[in-house]
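All remarks here apply to the structure that follows.
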Amino acid sequence: MKSSLILAGLAGSLVFAAAADAQHRGHQGRGGHGPGHGLMMLRAADADGDNNITRAEVDALQAEMFEWMDRNGDGYLSSDDRSPMHQRMAAIHEAEGGEARERRRGRRGQRHEDRDADGDGRISRAEFLSGENRGFERLDANDDDVITPDELDAAVENARERREGRRFWWRD
């Protein structure tokens, strides 16, 4: 119960901080996905609800995400899996002399073409799941493949201190 309240309070403070940060940055920030979004993703990954997020839980959620993104069920992510709107926009762009390319960012912030290890223009399930997870690694301070409430608390405190230091540099 106590850890649930801590996590809920942490989520609230991160959402507030993300809103303040987005207002400060304007619409040029992170595409609408700030710290509150990341915390919500971690909470969604906590399959057993124990407020500890394991690498296995994150990987399982990402495997589900791959299945959802693979619209045609061929085991690869390619331009065929894009939404009809994105397919039409790519066709228009190509017809106007532009080059068709994957520009979306996928798991762990990597560009889709960066994860195409074999260069075949498609991303296999193995390529999708094998990318590094810098966010998880940054939060998992003791490298035990588990993010605990204490590690989340420390990360939020660290971010708050960095934010205040950046915003109030004249108070040193």
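So you can find residues: chains in the structure tokens are A, B, ... in the order shown, residues in each start at 1, and ligands are numbered from 1 in order.
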
Legend entry - Per-residue DSSP, region 56-144 of chain A, filtered to strand (DSSP E or B), as JSON, numbers by chain: {"A": [76, 77, 105, 111, 123, 124]}

Set out as a Markdown table a contact list for region 134-171 of chain A and region 36-44 of chain A with a cut-off of 12 Å, giving each residue of region 134-171 of chain A that qualifies its closest atom pair and distance in Å to one decimal, counting only C-alpha atoms, ordered by chain and rising residue number.
| residue | atom | partner | partner_atom | distance |
| --- | --- | --- | --- | --- |
| A:Gly135 | CA | A:Gly38 | CA | 8.7 |
| A:Phe136 | CA | A:Leu42 | CA | 9.1 |
| A:Leu139 | CA | A:Leu42 | CA | 10.6 |
| A:Val146 | CA | A:Leu42 | CA | 11.3 |
| A:Ile147 | CA | A:Leu42 | CA | 9.2 |
| A:Thr148 | CA | A:Leu42 | CA | 10.9 |
| A:Pro149 | CA | A:Arg43 | CA | 11.0 |
| A:Leu152 | CA | A:Leu39 | CA | 9.1 |
| A:Asp153 | CA | A:Leu39 | CA | 11.6 |
| A:Ala155 | CA | A:Leu39 | CA | 11.1 |
| A:Val156 | CA | A:Leu39 | CA | 10.4 |

Legend entry - Residue with smallest distance to Arg125 (chain A) - pool A:Arg71, A:Tyr76, A:Ala56, A:Gly49, counting only C-alpha atoms: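 Using only C-alpha atoms, the shortest distance to Arg125 (chain A) belongs to A:Tyr76.
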
Inset, instruction - Please identify all polymer residues within 10 Å of Asp70 (chain A), counting only C-alpha atoms, omitting same-chain residues fewer than 3 positions from it, and present them as a VMD selection string. - result: chain A and resid 65 to 67 73 to 78 80 to 82 123 to 125

Writer output for current selection, N, CA and C atoms, as a PDB file, in the first residue's frame:
ATOM      1  N   MET A  65       3.845  -5.261 -28.046  1.00  0.00           N
ATOM      2  CA  MET A  65       3.807  -4.097 -28.919  1.00  0.00           C
ATOM      3  C   MET A  65       4.198  -4.479 -30.350  1.00  0.00           C
ATOM      4  N   PHE A  66       5.206  -5.325 -30.484  1.00  0.00           N
ATOM      5  CA  PHE A  66       5.609  -5.772 -31.820  1.00  0.00           C
ATOM      6  C   PHE A  66       4.440  -6.476 -32.506  1.00  0.00           C
ATOM      7  N   GLU A  67       3.788  -7.376 -31.787  1.00  0.00           N
ATOM      8  CA  GLU A  67       2.659  -8.109 -32.371  1.00  0.00           C
ATOM      9  C   GLU A  67       1.574  -7.145 -32.841  1.00  0.00           C
ATOM     10  N   GLY A  73       0.931  -9.386 -39.946  1.00  0.00           N
ATOM     11  CA  GLY A  73       1.267 -10.652 -39.328  1.00  0.00           C
ATOM     12  C   GLY A  73       2.369 -11.443 -40.012  1.00  0.00           C
ATOM     13  N   ASP A  74       3.259 -10.749 -40.754  1.00  0.00           N
ATOM     14  CA  ASP A  74       4.317 -11.475 -41.457  1.00  0.00           C
ATOM     15  C   ASP A  74       5.594 -11.629 -40.627  1.00  0.00           C
ATOM     16  N   GLY A  75       5.594 -11.127 -39.391  1.00  0.00           N
ATOM     17  CA  GLY A  75       6.765 -11.262 -38.526  1.00  0.00           C
ATOM     18  C   GLY A  75       7.800 -10.175 -38.714  1.00  0.00           C
ATOM     19  N   TYR A  76       7.484  -9.169 -39.510  1.00  0.00           N
ATOM     20  CA  TYR A  76       8.398  -8.053 -39.770  1.00  0.00           C
ATOM     21  C   TYR A  76       7.624  -6.748 -39.718  1.00  0.00           C
ATOM     22  N   LEU A  77       8.320  -5.682 -39.318  1.00  0.00           N
ATOM     23  CA  LEU A  77       7.762  -4.344 -39.421  1.00  0.00           C
ATOM     24  C   LEU A  77       8.330  -3.719 -40.682  1.00  0.00           C
ATOM     25  N   SER A  78       7.447  -3.269 -41.543  1.00  0.00           N
ATOM     26  CA  SER A  78       7.873  -2.653 -42.802  1.00  0.00           C
ATOM     27  C   SER A  78       6.855  -1.583 -43.169  1.00  0.00           C
ATOM     28  N   ASP A  80       4.596  -1.785 -45.175  1.00  0.00           N
ATOM     29  CA  ASP A  80       3.275  -2.406 -45.323  1.00  0.00           C
ATOM     30  C   ASP A  80       2.474  -2.363 -44.022  1.00  0.00           C
ATOM     31  N   ASP A  81       3.156  -2.213 -42.900  1.00  0.00           N
ATOM     32  CA  ASP A  81       2.486  -2.188 -41.605  1.00  0.00           C
ATOM     33  C   ASP A  81       2.058  -0.790 -41.178  1.00  0.00           C
ATOM     34  N   ARG A  82       2.427   0.202 -41.951  1.00  0.00           N
ATOM     35  CA  ARG A  82       2.024   1.566 -41.597  1.00  0.00           C
ATOM     36  C   ARG A  82       0.518   1.735 -41.779  1.00  0.00           C
ATOM     37  N   ILE A 123      12.099  -4.771 -40.214  1.00  0.00           N
ATOM     38  CA  ILE A 123      12.588  -4.998 -38.855  1.00  0.00           C
ATOM     39  C   ILE A 123      11.946  -6.280 -38.341  1.00  0.00           C
ATOM     40  N   SER A 124      12.758  -7.261 -38.090  1.00  0.00           N
ATOM     41  CA  SER A 124      12.257  -8.529 -37.561  1.00  0.00           C
ATOM     42  C   SER A 124      11.938  -8.361 -36.076  1.00  0.00           C
ATOM     43  N   ARG A 125      11.232  -9.338 -35.555  1.00  0.00           N
ATOM     44  CA  ARG A 125      10.923  -9.339 -34.123  1.00  0.00           C
ATOM     45  C   ARG A 125      12.211  -9.303 -33.306  1.00  0.00           C
TER      46      ARG A 125
END

Inset, instruction - Determine the nearest neighbour of Arg122 (chain A) from the options A:Gly97, A:Asp145, A:Ser79, A:Asp150, counting only C-alpha atoms. - result: A:Ser79

Inset, instruction - Tell me, in Å to one decimal, how far CA of Ala159 (chain A) is from CA of Arg138 (chain A). - result: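 Separating CA of Ala159 (chain A) from CA of Arg138 (chain A) is a distance of 11.9 Å.
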